[in-house]
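Pasted below: run07.tsv, TSV, C-alpha atoms.
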```tsv
chain	number	residue	atom	x	y	z
A	92	MET	CA	24.56	-25.25	14.83
A	93	ILE	CA	23.62	-21.66	13.88
A	94	GLU	CA	26.18	-21.80	11.09
A	95	ILE	CA	24.57	-24.90	9.61
A	96	ILE	CA	21.08	-23.39	9.75
A	97	VAL	CA	22.29	-20.11	8.17
A	98	ASP	CA	24.19	-21.96	5.43
A	99	ILE	CA	21.16	-24.11	4.58
A	100	LEU	CA	18.89	-21.05	4.50
A	101	LEU	CA	21.30	-19.12	2.29
A	102	LEU	CA	21.67	-22.08	-0.06
A	103	LEU	CA	17.87	-22.38	-0.34
A	104	MET	CA	17.64	-18.64	-0.96
A	105	VAL	CA	20.22	-18.81	-3.77
A	106	ILE	CA	18.46	-21.82	-5.36
A	107	TYR	CA	15.11	-19.98	-5.15
A	108	LEU	CA	16.54	-16.84	-6.75
A	109	VAL	CA	18.34	-18.74	-9.54
A	110	ALA	CA	15.09	-20.61	-10.30
A	111	GLY	CA	13.36	-17.20	-10.27
A	112	LEU	CA	15.87	-15.79	-12.76
A	113	LEU	CA	15.31	-18.69	-15.14
A	114	PHE	CA	11.53	-18.52	-14.71
A	115	SER	CA	11.53	-14.76	-15.34
A	116	MET	CA	13.09	-15.29	-18.79
A	117	TYR	CA	10.22	-17.60	-19.76
A	118	PHE	CA	7.57	-15.49	-18.05
A	119	LEU	CA	8.53	-12.18	-19.62
A	120	THR	CA	8.71	-13.65	-23.13
A	121	LYS	CA	5.71	-16.03	-23.11
A	122	GLY	CA	4.17	-16.75	-19.70
A	123	ALA	CA	2.88	-13.25	-18.90
A	124	SER	CA	0.55	-13.11	-21.90
A	125	LYS	CA	-0.80	-16.59	-21.06
A	126	LEU	CA	-1.63	-15.46	-17.55
A	127	ASP	CA	-2.88	-11.97	-18.42
A	128	GLU	CA	-3.86	-11.05	-21.97
A	129	GLU	CA	-3.52	-7.35	-21.20
A	130	THR	CA	0.28	-7.75	-21.12
A	131	LYS	CA	0.29	-8.48	-24.88
A	132	GLY	CA	2.03	-5.64	-26.68
A	133	SER	CA	3.06	-3.95	-23.43
A	134	PRO	CA	6.22	-1.82	-23.68
A	135	TRP	CA	9.67	-3.04	-22.62
A	136	HIS	CA	9.72	-0.69	-19.61
A	137	PHE	CA	6.61	-2.40	-18.23
A	138	LYS	CA	8.41	-5.76	-18.46
A	139	LEU	CA	11.44	-4.21	-16.80
A	140	ILE	CA	9.33	-2.96	-13.91
A	141	ILE	CA	7.68	-6.34	-13.27
A	142	TRP	CA	10.93	-8.27	-13.74
A	143	PRO	CA	12.17	-8.10	-10.09
A	144	GLY	CA	8.74	-9.29	-8.97
A	145	THR	CA	8.82	-12.26	-11.33
A	146	VAL	CA	12.20	-13.28	-9.87
A	147	LEU	CA	10.98	-12.98	-6.26
A	148	LEU	CA	7.38	-14.18	-6.69
A	149	TRP	CA	7.97	-16.80	-9.41
A	150	SER	CA	6.53	-19.64	-7.31
A	151	VAL	CA	3.12	-17.89	-7.06
A	152	LEU	CA	3.12	-17.07	-10.77
A	153	LEU	CA	4.02	-20.66	-11.66
A	154	LEU	CA	1.10	-21.94	-9.56
A	155	LYS	CA	-1.25	-19.46	-11.26
A	156	LEU	CA	-0.01	-20.55	-14.69
A	157	ILE	CA	-0.46	-24.25	-13.88
A	158	ARG	CA	-4.00	-23.65	-12.58
A	159	LYS	CA	-4.81	-21.72	-15.76
B	70	MET	CA	-7.19	1.33	-14.20
B	71	SER	CA	-6.58	-1.65	-16.43
B	72	ALA	CA	-6.71	-1.33	-20.21
B	73	GLY	CA	-3.25	-2.55	-21.17
B	74	TYR	CA	-0.24	-1.93	-18.98
B	75	THR	CA	2.51	0.62	-18.89
B	76	SER	CA	5.41	0.91	-16.47
B	77	ILE	CA	4.30	3.87	-14.36
B	78	LEU	CA	0.95	5.63	-14.59
B	79	TRP	CA	1.73	9.29	-14.10
B	80	ASN	CA	-0.68	12.18	-14.22
B	81	SER	CA	-0.10	15.79	-13.24
B	82	GLU	CA	-1.16	15.15	-9.63
B	83	LYS	CA	1.10	12.11	-9.26
B	84	LYS	CA	4.01	14.03	-10.81
B	85	ARG	CA	3.45	16.81	-8.28
B	86	TYR	CA	3.36	14.20	-5.49
B	87	ASP	CA	6.64	12.64	-6.67
B	88	ARG	CA	8.28	16.05	-7.01
B	89	GLY	CA	7.22	16.68	-3.40
B	90	ILE	CA	8.92	13.46	-2.26
B	91	LEU	CA	12.09	14.33	-4.18
B	92	ILE	CA	12.25	17.88	-2.82
B	93	PHE	CA	11.71	16.62	0.74
B	94	VAL	CA	14.47	14.00	0.38
B	95	VAL	CA	16.95	16.52	-1.07
B	96	VAL	CA	16.18	19.15	1.60
B	97	TYR	CA	16.42	16.54	4.37
B	98	LEU	CA	19.74	15.10	3.14
B	99	THR	CA	21.26	18.55	2.67
B	100	SER	CA	20.17	19.65	6.16
B	101	PHE	CA	21.35	16.36	7.70
B	102	TYR	CA	24.80	16.59	6.11
B	103	GLY	CA	25.08	20.30	6.91
B	104	LEU	CA	24.18	19.79	10.57
B	105	HIS	CA	26.43	16.76	10.98
B	106	ALA	CA	29.36	18.51	9.33
B	107	LEU	CA	29.03	21.14	12.06
B	108	LEU	CA	28.20	18.89	15.02
B	109	HIS	CA	30.22	15.76	14.18
B	110	PRO	CA	33.06	16.82	11.88
B	111	ASP	CA	34.94	13.55	12.59
B	112	ALA	CA	32.17	11.25	11.32
B	113	THR	CA	33.03	9.45	8.07
B	114	PHE	CA	30.99	9.90	4.91
B	115	GLU	CA	29.80	6.25	5.05
B	116	THR	CA	28.62	6.60	8.67
B	117	LEU	CA	26.70	9.76	7.84
B	118	LEU	CA	25.18	8.13	4.79
B	119	ILE	CA	24.03	5.08	6.77
B	120	ARG	CA	22.52	7.29	9.48
B	121	ALA	CA	20.90	9.77	7.10
B	122	PHE	CA	19.19	7.13	4.97
B	123	GLY	CA	18.25	4.97	7.97
B	124	ILE	CA	16.52	7.84	9.78
B	125	LEU	CA	14.83	8.99	6.57
B	126	ALA	CA	13.47	5.51	5.79
B	127	PHE	CA	12.27	5.16	9.40
B	128	PHE	CA	10.47	8.52	9.24
B	129	LEU	CA	8.87	7.77	5.86
B	130	LEU	CA	7.69	4.38	7.14
B	131	HIS	CA	5.80	6.20	9.90
B	132	VAL	CA	4.27	8.62	7.40
B	133	ILE	CA	3.19	5.71	5.17
B	134	LEU	CA	1.61	3.84	8.08
B	135	VAL	CA	-0.18	6.84	9.51
B	136	ILE	CA	-1.71	8.05	6.19
B	137	GLY	CA	-4.28	5.22	6.03
B	138	PRO	CA	-5.92	5.74	9.44
B	139	LEU	CA	-5.70	9.55	9.16
B	140	CYS	CA	-7.68	9.40	5.92
B	141	ARG	CA	-10.33	7.31	7.67
B	142	LEU	CA	-10.66	10.08	10.23
B	143	THR	CA	-10.61	13.12	7.94
B	144	PRO	CA	-10.51	13.57	4.15
B	145	THR	CA	-7.88	16.32	4.58
B	146	PHE	CA	-5.13	13.71	4.25
B	147	LEU	CA	-6.52	12.03	1.11
B	148	PRO	CA	-4.02	13.80	-1.21
B	149	LEU	CA	-1.22	12.02	0.69
B	150	LEU	CA	-2.89	8.65	0.14
B	151	TYR	CA	-3.39	9.18	-3.57
B	152	ASN	CA	0.13	8.13	-4.57
B	153	ARG	CA	1.23	6.29	-1.43
B	154	ARG	CA	2.70	3.46	-3.49
B	155	HIS	CA	5.38	5.79	-4.88
B	156	LEU	CA	6.15	6.90	-1.34
B	157	GLY	CA	6.43	3.21	-0.37
B	158	VAL	CA	8.78	2.40	-3.23
B	159	SER	CA	10.85	5.51	-2.41
B	160	MET	CA	11.04	4.40	1.23
B	161	PHE	CA	12.24	0.94	0.13
B	162	LEU	CA	14.96	2.43	-2.10
B	163	ILE	CA	16.12	4.68	0.75
B	164	ALA	CA	16.11	1.70	3.16
B	165	LEU	CA	18.01	-0.33	0.54
B	166	ILE	CA	20.74	2.33	0.37
B	167	HIS	CA	20.93	2.25	4.19
B	168	GLY	CA	21.11	-1.56	4.18
B	169	ALA	CA	23.57	-1.83	1.28
B	170	PHE	CA	26.02	0.66	2.80
B	171	SER	CA	25.69	-0.97	6.22
B	172	ILE	CA	26.61	-4.34	4.69
B	173	LEU	CA	29.45	-2.72	2.78
B	174	GLN	CA	30.78	-0.97	5.87
B	175	PHE	CA	30.31	-3.70	8.48
B	176	HIS	CA	30.17	-7.03	6.65
B	177	SER	CA	32.15	-6.92	3.44
B	178	LEU	CA	35.66	-6.23	4.69
B	179	GLY	CA	36.39	-9.70	6.10
B	180	ASP	CA	36.75	-13.01	4.28
B	181	MET	CA	33.18	-14.14	5.05
B	182	ASN	CA	30.31	-13.83	2.55
B	183	PRO	CA	28.66	-10.46	3.50
B	184	ILE	CA	25.13	-11.91	3.74
B	185	ARG	CA	26.44	-14.83	5.81
B	186	SER	CA	28.28	-12.30	7.95
B	187	ILE	CA	25.00	-10.51	8.84
B	188	PHE	CA	23.82	-13.68	10.57
B	189	LEU	CA	27.11	-15.03	11.91
B	190	SER	CA	29.42	-12.10	12.75
B	191	ASN	CA	27.51	-11.67	16.00
B	192	THR	CA	25.72	-14.73	17.37
B	193	GLU	CA	24.48	-13.24	20.66
B	194	TYR	CA	20.92	-14.14	19.77
B	195	VAL	CA	19.90	-14.64	23.41
B	196	SER	CA	21.29	-11.31	24.60
B	197	LEU	CA	19.15	-8.19	24.74
B	198	THR	CA	21.99	-5.68	24.88
B	199	GLU	CA	24.19	-7.42	22.30
B	200	PHE	CA	21.50	-8.78	19.98
B	201	PRO	CA	22.51	-8.87	16.26
B	202	PHE	CA	19.94	-6.23	15.34
B	203	GLN	CA	21.04	-6.09	11.71
B	204	VAL	CA	19.36	-9.46	11.12
B	205	LEU	CA	16.01	-7.82	11.96
B	206	GLY	CA	16.67	-4.98	9.52
B	207	PHE	CA	17.61	-7.52	6.86
B	208	PHE	CA	14.28	-9.35	7.16
B	209	ALA	CA	12.34	-6.07	7.21
B	210	LEU	CA	14.17	-5.01	4.04
B	211	VAL	CA	13.18	-8.31	2.38
B	212	ILE	CA	9.51	-7.59	3.21
B	213	PHE	CA	9.76	-4.00	1.94
B	214	GLY	CA	11.41	-5.38	-1.21
B	215	LEU	CA	8.58	-7.85	-1.83
B	216	MET	CA	6.07	-5.05	-1.34
B	217	ALA	CA	7.92	-2.66	-3.65
B	218	VAL	CA	8.33	-5.15	-6.50
B	219	SER	CA	4.65	-6.13	-6.29
B	220	SER	CA	3.30	-2.57	-6.13
B	221	HIS	CA	2.34	-2.38	-9.83
B	222	ASP	CA	-1.32	-3.03	-10.68
B	223	PHE	CA	-0.22	-6.08	-12.71
B	224	TRP	CA	0.52	-7.81	-9.41
B	225	LEU	CA	-2.72	-6.77	-7.80
B	226	LYS	CA	-4.64	-8.31	-10.69
B	227	ASN	CA	-2.59	-11.47	-11.09
B	228	LEU	CA	-1.87	-12.32	-7.47
B	229	GLY	CA	-5.50	-11.60	-6.61
B	230	LEU	CA	-6.71	-9.03	-4.07
B	231	LYS	CA	-6.50	-11.47	-1.13
B	232	VAL	CA	-2.89	-12.59	-1.71
B	233	TRP	CA	-1.81	-9.06	-2.62
B	234	LYS	CA	-3.42	-7.55	0.47
B	235	THR	CA	-1.89	-10.24	2.71
B	236	LEU	CA	1.54	-9.56	1.24
B	237	HIS	CA	1.15	-5.81	1.75
B	238	MET	CA	-0.23	-6.19	5.28
B	239	MET	CA	3.20	-7.68	6.07
B	240	VAL	CA	4.26	-4.05	6.42
B	241	TYR	CA	3.16	-4.34	10.07
B	242	VAL	CA	5.52	-7.29	10.60
B	243	ALA	CA	8.25	-5.24	8.94
B	244	TYR	CA	7.41	-2.28	11.19
B	245	ALA	CA	7.73	-4.46	14.30
B	246	LEU	CA	11.10	-5.75	13.02
B	247	ILE	CA	12.25	-2.18	12.31
B	248	ILE	CA	11.24	-0.95	15.77
B	249	LEU	CA	13.27	-3.80	17.31
B	250	HIS	CA	16.13	-3.17	14.84
B	251	VAL	CA	16.26	0.50	15.84
B	252	VAL	CA	15.80	0.02	19.59
B	253	LEU	CA	18.18	-2.95	19.96
B	254	GLY	CA	20.72	-1.23	17.73
B	255	ALA	CA	20.47	2.04	19.60
B	256	ILE	CA	20.85	0.31	22.98
B	257	GLN	CA	24.37	-0.63	21.88
B	258	ASN	CA	25.41	2.89	20.85
B	259	GLU	CA	22.95	5.56	21.87
B	260	LYS	CA	23.26	7.25	25.25
B	261	SER	CA	20.57	9.90	24.80
B	262	LEU	CA	17.07	9.28	26.17
B	263	THR	CA	15.63	11.68	23.56
B	264	PHE	CA	16.26	9.13	20.82
B	265	PHE	CA	14.19	6.46	22.59
B	266	LEU	CA	11.42	8.98	23.33
B	267	ILE	CA	11.18	9.90	19.62
B	268	VAL	CA	10.90	6.21	18.68
B	269	LEU	CA	8.24	5.74	21.37
B	270	LEU	CA	6.33	8.79	20.13
B	271	GLY	CA	6.29	7.37	16.60
B	272	PHE	CA	5.07	3.98	17.83
B	273	VAL	CA	2.33	5.55	19.96
B	274	SER	CA	1.18	7.76	17.04
B	275	ILE	CA	0.86	4.74	14.74
B	276	THR	CA	-0.95	2.66	17.35
B	277	LEU	CA	-3.35	5.41	18.45
B	278	THR	CA	-4.37	6.53	14.95
B	279	HIS	CA	-5.05	2.90	14.00
B	280	LEU	CA	-7.14	2.31	17.13
B	281	ILE	CA	-9.19	5.50	16.72
B	282	ALA	CA	-9.81	4.88	13.00
B	283	GLY	CA	-10.77	1.26	13.72
B	284	LYS	CA	-13.24	2.39	16.39
B	285	LYS	CA	-14.83	4.86	13.96
B	286	GLU	CA	-15.17	2.15	11.27
B	287	LYS	CA	-16.74	-0.23	13.77
B	288	LYS	CA	-19.27	2.40	14.81
B	289	VAL	CA	-20.38	2.81	11.17
B	290	ASP	CA	-20.62	-0.96	10.71
B	291	ASP	CA	-22.55	-1.44	13.95
B	292	GLU	CA	-25.29	1.04	12.98
B	293	LYS	CA	-28.25	-1.10	12.00
B	294	PRO	CA	-30.47	0.55	9.37
B	295	ILE	CA	-34.26	0.37	9.40
B	296	VAL	CA	-35.29	-2.38	6.98
B	297	ASP	CA	-38.63	-2.81	5.24
B	298	HIS	CA	-39.40	-5.46	2.59
B	299	GLY	CA	-35.74	-5.90	1.58
B	300	TYR	CA	-35.08	-2.14	1.43
B	301	ALA	CA	-32.87	-0.31	3.94
B	302	ARG	CA	-33.58	3.31	4.89
B	303	VAL	CA	-30.70	5.65	3.98
B	304	CYS	CA	-31.72	9.23	4.86
B	305	LYS	CA	-33.90	12.11	3.64
B	306	PRO	CA	-33.21	13.40	0.08
B	307	GLU	CA	-32.26	16.83	1.43
B	308	ASP	CA	-29.52	15.26	3.59
B	309	PHE	CA	-27.40	14.53	0.52
B	310	GLU	CA	-24.59	16.85	-0.55
B	311	GLU	CA	-24.23	17.35	-4.30
B	312	ASN	CA	-21.63	14.96	-5.86
B	313	ARG	CA	-21.13	13.18	-2.52
B	314	ALA	CA	-22.45	9.96	-1.03
B	315	LYS	CA	-24.23	8.66	2.04
B	316	MET	CA	-23.05	5.23	3.13
B	317	ILE	CA	-25.09	2.48	4.71
B	318	THR	CA	-24.05	-0.92	6.02
B	319	CYS	CA	-26.52	-3.77	5.57
B	320	GLY	CA	-24.30	-6.84	5.25
B	321	GLU	CA	-22.34	-5.04	2.51
B	322	ARG	CA	-21.45	-1.37	2.52
B	323	ILE	CA	-23.45	0.58	-0.05
B	324	ALA	CA	-22.71	4.13	-1.25
B	325	VAL	CA	-25.61	6.27	-2.49
B	326	PHE	CA	-24.46	9.24	-4.59
B	327	LYS	CA	-26.33	12.42	-5.44
B	328	TYR	CA	-25.48	14.14	-8.72
B	329	ASP	CA	-27.40	16.29	-11.22
B	330	GLY	CA	-30.58	16.04	-9.16
B	331	GLN	CA	-30.58	12.25	-9.13
B	332	LEU	CA	-29.38	9.37	-6.96
B	333	SER	CA	-27.51	6.13	-7.77
B	334	ALA	CA	-26.23	3.39	-5.47
B	335	VAL	CA	-23.16	1.21	-5.90
B	336	HIS	CA	-21.16	-1.27	-3.82
B	337	ASN	CA	-18.84	0.79	-1.66
B	338	VAL	CA	-15.66	-1.21	-2.37
B	339	CYS	CA	-13.37	-0.12	-5.21
B	340	LYS	CA	-12.13	-2.97	-7.44
B	341	HIS	CA	-8.59	-1.65	-7.30
B	342	GLN	CA	-7.47	-1.91	-3.69
B	343	GLY	CA	-10.79	-2.01	-1.87
B	344	GLY	CA	-10.94	1.75	-1.34
B	345	PRO	CA	-14.17	3.27	0.09
B	346	LEU	CA	-15.99	4.71	-2.96
B	347	GLY	CA	-18.53	6.40	-0.69
B	348	GLU	CA	-15.78	8.63	0.73
B	349	GLY	CA	-14.95	9.80	-2.78
B	350	LYS	CA	-16.94	12.19	-4.95
B	351	ILE	CA	-18.34	12.54	-8.44
B	352	VAL	CA	-15.69	14.01	-10.76
B	353	ASP	CA	-16.49	14.55	-14.46
B	354	GLY	CA	-19.67	12.52	-14.04
B	355	CYS	CA	-17.87	9.52	-12.51
B	356	ILE	CA	-17.69	8.19	-8.95
B	357	THR	CA	-14.01	8.66	-8.14
B	358	CYS	CA	-12.29	6.50	-5.53
B	359	PRO	CA	-10.53	8.68	-2.95
B	360	TRP	CA	-7.57	6.32	-2.74
B	361	HIS	CA	-6.16	6.16	-6.27
B	362	GLY	CA	-8.70	7.87	-8.51
B	363	TYR	CA	-10.33	4.77	-10.06
B	364	GLN	CA	-13.61	5.84	-11.66
B	365	TYR	CA	-17.06	4.31	-12.16
B	366	LEU	CA	-20.21	5.56	-13.88
B	367	PRO	CA	-22.87	5.92	-11.19
B	368	GLY	CA	-25.70	4.43	-13.28
B	369	ASN	CA	-24.07	1.10	-14.17
B	370	GLY	CA	-21.04	0.87	-11.86
B	371	GLN	CA	-18.73	0.42	-14.85
B	372	SER	CA	-15.43	2.20	-15.38
B	373	PRO	CA	-15.68	4.49	-18.41
B	374	PRO	CA	-14.28	2.97	-21.66
B	375	PRO	CA	-11.64	1.70	-22.36
B	376	PHE	CA	-11.38	0.53	-18.74
B	377	ASN	CA	-13.23	-2.56	-17.59
B	378	GLU	CA	-13.66	-2.54	-13.80
B	379	LYS	CA	-17.23	-3.04	-12.56
B	380	VAL	CA	-18.96	-2.76	-9.20
B	381	ALA	CA	-22.43	-3.91	-8.20
B	382	THR	CA	-25.37	-1.50	-8.42
B	383	TYR	CA	-28.54	-1.21	-6.31
B	384	GLU	CA	-32.13	-0.07	-6.86
B	385	LEU	CA	-33.40	2.97	-4.99
B	386	LYS	CA	-36.83	4.30	-4.12
B	387	ILE	CA	-38.41	7.11	-2.11
B	388	GLN	CA	-40.98	6.17	0.48
B	389	ASP	CA	-42.41	8.21	3.37
B	390	GLY	CA	-40.03	11.06	2.58
B	391	TYR	CA	-36.89	8.87	2.88
B	392	VAL	CA	-34.50	7.31	0.35
B	393	TRP	CA	-34.44	3.52	0.54
B	394	VAL	CA	-31.95	1.12	-1.06
B	395	ASN	CA	-32.71	-2.44	-2.14
B	396	MET	CA	-30.26	-4.59	-0.17
B	397	GLU	CA	-30.04	-7.16	-2.97
B	398	ALA	CA	-27.19	-6.21	-5.29
B	399	LYS	CA	-27.63	-6.21	-9.05
B	400	PRO	CA	-24.86	-7.98	-11.03
B	401	GLU	CA	-21.67	-5.94	-11.33
B	402	GLY	CA	-21.96	-3.37	-14.10
B	403	GLU	CA	-25.76	-3.71	-14.54
B	404	TYR	CA	-27.51	-0.44	-15.34
B	405	VAL	CA	-30.07	0.77	-12.82
B	406	GLU	CA	-32.18	3.80	-13.70
B	407	PRO	CA	-31.07	6.66	-11.38
B	408	LEU	CA	-33.70	7.91	-8.96
B	409	ASN	CA	-34.74	11.35	-10.22
B	410	LEU	CA	-35.27	13.60	-7.20
B	411	ARG	CA	-37.14	16.18	-9.29
B	412	ASP	CA	-40.00	13.67	-9.61
B	413	TYR	CA	-40.51	13.92	-5.84
B	414	GLU	CA	-40.24	17.67	-5.38
```
structure tokens encoding of this file:
Amino acid sequence: MIEIIVDILLLLMVIYLVAGLLFSMYFLTKGASKLDEETKGSPWHFKLIIWPGTVLLWSVLLLKLIRK
Amino acid sequence: MSAGYTSILWNSEKKRYDRGILIFVVVYLTSFYGLHALLHPDATFETLLIRAFGILAFFLLHVILVIGPLCRLTPTFLPLLYNRRHLGVSMFLIALIHGAFSILQFHSLGDMNPIRSIFLSNTEYVSLTEFPFQVLGFFALVIFGLMAVSSHDFWLKNLGLKVWKTLHMMVYVAYALIILHVVLGAIQNEKSLTFFLIVLLGFVSITLTHLIAGKKEKKVDDEKPIVDHGYARVCKPEDFEENRAKMITCGERIAVFKYDGQLSAVHNVCKHQGGPLGEGKIVDGCITCPWHGYQYLPGNGQSPPPFNEKVATYELKIQDGYVWVNMEAKPEGEYVEPLNLRDYE
């Protein structure tokens, strides 16, 4: 039983992270400036520093983008 | 302060702070390895590495948690708070090294997926003495990771203060997980009572400082000011220190600053992370938040150009020898003529 629960959780985690990776590509090229105009023209190292966050917190960012 | 983003906002003070962290880490690791080479010459490099980084992360977590309440009790500790986010990210990276090497050492040598192995290599979830404590460390590391990746001001602005604060308050959940991770892990290996006493001392320090600081805050909030026709009495003009504030709570907390022989009042809460502006001081003509140095002009509550943060302002008057503040806030960033104390001398 524990094995099944762990396997399901790990599968969900992998799906979430893969979706986050895909979302981050869109967000760092286009989405960020739609959500926050101050990101326009920001240097590459700023994008690099927010990249892990976009992968992990993509669901919140997506909601914010949809509401905007 | 927001006016376009960059990766890391460094100034000379923050650089000094980060150098301090680096020097401490290097001195600690050198001493740890030196001592262990003498006391436990048989221990493997990986074991020492896991221990060294685990203990260091655990210690830094205590420092991070205790800074906040200590600063509420005395401004002496404010320099430690100023760049706490870098200390937090450093702590996460140190904990990550501890976690990564633990997974490498204990979970990656079999034929099971290492992450799966954390949860399934030991399934004694109902046992106290055999509990798979690494699972707790794993979840704590996930929380620290979420906090570290969202520590840039971009996240504060775009997640919103409420979501961001909630996410970062999860540090207390992570702390509880880490305490259990350490205690349940140590039960399985550690024979010395000293180890448990040190952990207990850390826990008591965190709890006590939080309780005492909370009690002090409550006392300030519970003080009811004298109110007359929408104005609350602050204090006598001579009670003010130059470039410092007196705070008053009347629904909202208001900070009244004295500078250049005049007084101005602003909402006490910094737009950055909700820091107490009234505990800061006037630096270069600006109210400067004691937490991270965000600045506001006292007359209009606006950050100096090119920055764009704004706090609410309040009208002041002198009546019967006391300074009074209008409890109704002006819109954020609205200019209010400072009260010139020379007119009342």
Using all atoms listed in the file, find the residues of chain A whose closest atom to chain B is at most 6 Å away, then write them as a short mmCIF file (atom, residue, chain, number, x, y, z; two decimals) with C-alpha atoms, in the coordinates of the input.
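Wrote iface-v3.cif, looks like this:
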```cif
data_model
loop_
_atom_site.label_atom_id
_atom_site.label_comp_id
_atom_site.auth_asym_id
_atom_site.auth_seq_id
_atom_site.Cartn_x
_atom_site.Cartn_y
_atom_site.Cartn_z
CA GLU A 129 -3.52 -7.35 -21.20
CA SER A 133 3.06 -3.95 -23.43
CA HIS A 136 9.72 -0.69 -19.61
CA PHE A 137 6.61 -2.40 -18.23
CA GLY A 144 8.74 -9.29 -8.97
#
```
re atom CA of A:Leu126 and atom CA of A:Leu156: distance 6.1 Å
For a test of reading the model, state the distance in Å between atom CA of A:Met92 and atom CA of B:Ser196, rounded to one decimal.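 Distance reported for this atom pair: 17.3 Å.
For the residues A:Met116, A:Ala123, A:Leu108, A:Leu100, ranking by smallest atom-to-atom distance to A:Leu147 using only C-alpha atoms places A:Leu108 first.
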How many Å separate atom CA of A:Ser124 from atom CA of B:Asn377?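 These atoms are spaced 17.9 Å apart.
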So which residues touch stretch 314-331 of chain B within 6 Å, counting only C-alpha atoms, skipping near sequence neighbours fewer than 6 positions away, as a list of chain:residue names?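 Listing them by chain and then by number gives B:Asp290, B:Asn337, B:Gly347, B:Leu408, B:Asn409, B:Leu410.
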Please list as a ChimeraX atom specification every residue within 8 Å of stretch 359-375 of chain B, counting all atoms listed in the file and excluding residues in the same chain fewer than 3 positions away. /B:70,72,147,150-152,326,333-335,339,341,344-346,348-350,354-356,378-382,401-407
Calculate, to one decimal in Å, the centre and edge lengths of the box along x, y and z of the file that holds all listed atoms of stretch 166-180 of chain B with 4 Å of margin on each side, and present them as AutoDock Vina command-line options.
```
--center_x 28.7 --center_y -5.3 --center_z 4.4 --size_x 24.0 --size_y 23.3 --size_z 16.1
```
Can you tell me which residues surround A:Ile157 at a distance of at most 12 Å, considering all atoms listed in the file, apart from same-chain residues fewer than 4 positions away, and format the answer as a list in words?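 Contacts, in chain order: Gly122, Lys125, Leu126, Ser150, Val151, Leu152 and Leu153 of chain A.
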Would you please work out which residue, of A:Leu102, A:Leu154, A:Leu112, A:Leu119, is nearest to A:Trp135 when using all atoms listed in the file? A:Leu119
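Taking all atoms listed in the file into account, B:Ala126 lies nearest to B:Ile247 out of the set B:Val96, B:Leu236, B:Ile247, B:Leu78.
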Tell me, as a ChimeraX atom specification, which residues lie within 6 Å of stretch 137-142 of chain B, counting all atoms listed in the file; anything in the same chain fewer than 4 positions away does not count. /B:146-147,278-279,282
Selection: 12 Å around B:Leu91, all atoms listed in the file, excl. self and same-chain fewer than 3 positions, as an MDAnalysis selection string: chainID B and resid 84:88 94:98 155:156 159:160 163
Would you please work out which residue, of B:Leu332, B:Val338, B:Cys304, B:Ile256, is nearest to B:Trp393 when using only C-alpha atoms?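 Once distances to B:Trp393 are computed over only C-alpha atoms, the minimum belongs to B:Cys304.
Each of B:Gly254, B:Gly229, B:Pro183, B:Gly157 was compared to B:Arg120 using all atoms listed in the file, and B:Gly254 turns out to be the nearest.
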Got a minute to add N, CA and C atoms to stretch 365-375 of chain B and dump it as an mmCIF file, keeping the file's coordinate frame?
```cif
data_model
loop_
_atom_site.group_PDB
_atom_site.id
_atom_site.type_symbol
_atom_site.label_atom_id
_atom_site.label_comp_id
_atom_site.auth_asym_id
_atom_site.auth_seq_id
_atom_site.Cartn_x
_atom_site.Cartn_y
_atom_site.Cartn_z
ATOM 1 N N TYR B 365 -15.927 5.145 -11.781
ATOM 2 C CA TYR B 365 -17.060 4.310 -12.160
ATOM 3 C C TYR B 365 -18.234 5.219 -12.518
ATOM 4 N N LEU B 366 -18.996 4.818 -13.546
ATOM 5 C CA LEU B 366 -20.210 5.560 -13.880
ATOM 6 C C LEU B 366 -21.273 5.216 -12.848
ATOM 7 N N PRO B 367 -21.944 6.218 -12.283
ATOM 8 C CA PRO B 367 -22.870 5.920 -11.190
ATOM 9 C C PRO B 367 -24.066 5.054 -11.608
ATOM 10 N N GLY B 368 -24.514 5.178 -12.860
ATOM 11 C CA GLY B 368 -25.700 4.430 -13.280
ATOM 12 C C GLY B 368 -25.467 2.932 -13.396
ATOM 13 N N ASN B 369 -24.296 2.544 -13.949
ATOM 14 C CA ASN B 369 -24.070 1.100 -14.170
ATOM 15 C C ASN B 369 -22.866 0.549 -13.402
ATOM 16 N N GLY B 370 -22.180 1.360 -12.648
ATOM 17 C CA GLY B 370 -21.040 0.870 -11.860
ATOM 18 C C GLY B 370 -19.852 0.432 -12.688
ATOM 19 N N GLN B 371 -19.842 0.826 -13.972
ATOM 20 C CA GLN B 371 -18.730 0.420 -14.850
ATOM 21 C C GLN B 371 -17.716 1.561 -14.995
ATOM 22 N N SER B 372 -16.435 1.178 -15.085
ATOM 23 C CA SER B 372 -15.430 2.200 -15.380
ATOM 24 C C SER B 372 -15.665 2.695 -16.800
ATOM 25 N N PRO B 373 -15.452 3.993 -17.059
ATOM 26 C CA PRO B 373 -15.680 4.490 -18.410
ATOM 27 C C PRO B 373 -14.717 3.841 -19.404
ATOM 28 N N PRO B 374 -15.155 3.605 -20.666
ATOM 29 C CA PRO B 374 -14.280 2.970 -21.660
ATOM 30 C C PRO B 374 -12.975 3.748 -21.798
ATOM 31 N N PRO B 375 -11.814 3.118 -22.039
ATOM 32 C CA PRO B 375 -11.640 1.700 -22.360
ATOM 33 C C PRO B 375 -11.446 0.804 -21.136
#
```
